[in-house]
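All remarks here apply to the structure that follows.
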Amino acid sequence: MKHIADNLARVKERIDAAANRSGRTADKIKLVAVTKGRSLEEIQTLLAVGQTLLGENRIQEAKQKYDQMHSILQTPFEKHICEWHLVGHLQRNKVKSALEMFTLIHSVDSLRLLMEIAHRAEIKKQTANILIQINTTGEESKFGLESDNVIDFIEKSLSYPHARIVGLMTMGKFNTSADENRRAFALLRSISETIKTKKFPGITMPYLSMGMTNDFEIAIEEGANIVRIGRAIFAGAS
């Protein structure tokens, strides 16, 4: 598993360089290691080298890993050894399970989903932290709100305070050069800045989640402070 540690170190070096180019430092960038399709042993390797922020795409797979991880931990303190984010699409019938595992949901793309999250969170007497997913590339195959609908969405979300909006998320085009996604990332940053000027009560914009293996450096240059990386970390894994 040494290749995982080596890959992670190289990814962090690239994050550091991109952060410097954007006038920031690497400690301002959260790295979510996306563990979709990876084994428990591989995840433990990440934890052993200090990568404790993990991302999963699907509830069912995440639940299996979550239960396995926490069944081998011995004390309540150790159960907080890692933090899990949901970075994939969330169906409304899976919201209850999601709230049991994830500290941040990156992919809220409809008011009905936000309402269900708020409802389930209220039952649990908690507030769920969420990001609004925006389709900044215009691809029909992608989930996410259209950029022109975001302000109206936020205004409607104010009626559901148990779903706390703490930022935005987008995905660049996959089969393209990294630079071609720069415009999509700049658009997300611009939308975030517009939301801030509106001063909606209870709405904050500390997070911009954008950038994956093929384009995370461009995303950081355009303002990302959460990047979601899997392939670059696990390259060479069997």
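Ordering of the structure tokens sets the chain letters (A, B, ...); residue numbers start at 1 within each chain; ligands are numbered from 1 in the order shown.
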
Please run DSSP on the backbone and report, as a count of residues only, all residues within range 56-166 of chain A that come out as alpha helix (DSSP H).
41

If we count only C-alpha atoms, what is near Lys2 in chain A at a cut-off of 9 Å, once residues fewer than 4 positions away on the same chain are taken out, given as a list of chain:residue names?
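Near neighbours after the sequence-gap exclusion: A:Asp6, A:Asn7, A:Thr45.
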
Work out how far apart CA of Lys196 in chain A and CA of Leu208 in chain A are and give it in Å to one decimal.
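Taking CA of Lys196 in chain A and CA of Leu208 in chain A, their separation equals 12.7 Å.
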
Of the listed residues A:Val11, A:Ala19, A:Leu113, A:Ala121, that which approaches Ile218 in chain A most closely, counting only C-alpha atoms
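So, comparing all the options, the nearest one is A:Ala19.
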
Using only C-alpha atoms, can you tell me which of A:Ile165, A:Val95, A:Ala9, A:Leu31 comes closest to Arg112 in chain A?
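Looking only at the distances to Arg112 in chain A, the closest residue turns out to be A:Val95.
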
Selection near Leu158 in chain A, 12 Å with only C-alpha atoms, sequence-local residues under 2 positions removed, as a list in words
Leu111, Leu114, Met115, Ala118, Ile151, Asp152, Phe153, Ile154, Glu155, Lys156, Tyr160, Pro161, His162, Ala163, Arg164, Ile165, Lys199, Phe200, Pro201, Gly202 and Ile203 of chain A

Sel. of strand (DSSP E) residues, range 104-218 of chain A, as a PyMOL selection string:
chain A and resi 104-108+128-135+145-146+163-169+207-209

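CA of Asn20 in chain A is positioned 21.3 Å from CA of Glu193 in chain A.
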
Of the listed residues A:Thr25, A:Asn214, A:Ser190, A:Ser97, that which approaches Leu168 in chain A most closely, counting only C-alpha atoms
A:Ser190

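Restricting the calculation to only C-alpha atoms, the smallest distance between Ile4 in chain A and any of A:Arg182, A:Glu42, A:Thr35, A:Ala26 is found for A:Glu42.
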
Find the residues near Met210 in chain A: any atom within 12 Å, counting only C-alpha atoms, skip ones fewer than 5 places away on the same chain, and give them as a ChimeraX atom specification.
/A:29-32,87,106-107,131-136,167-173,181-182,184-189,215-229
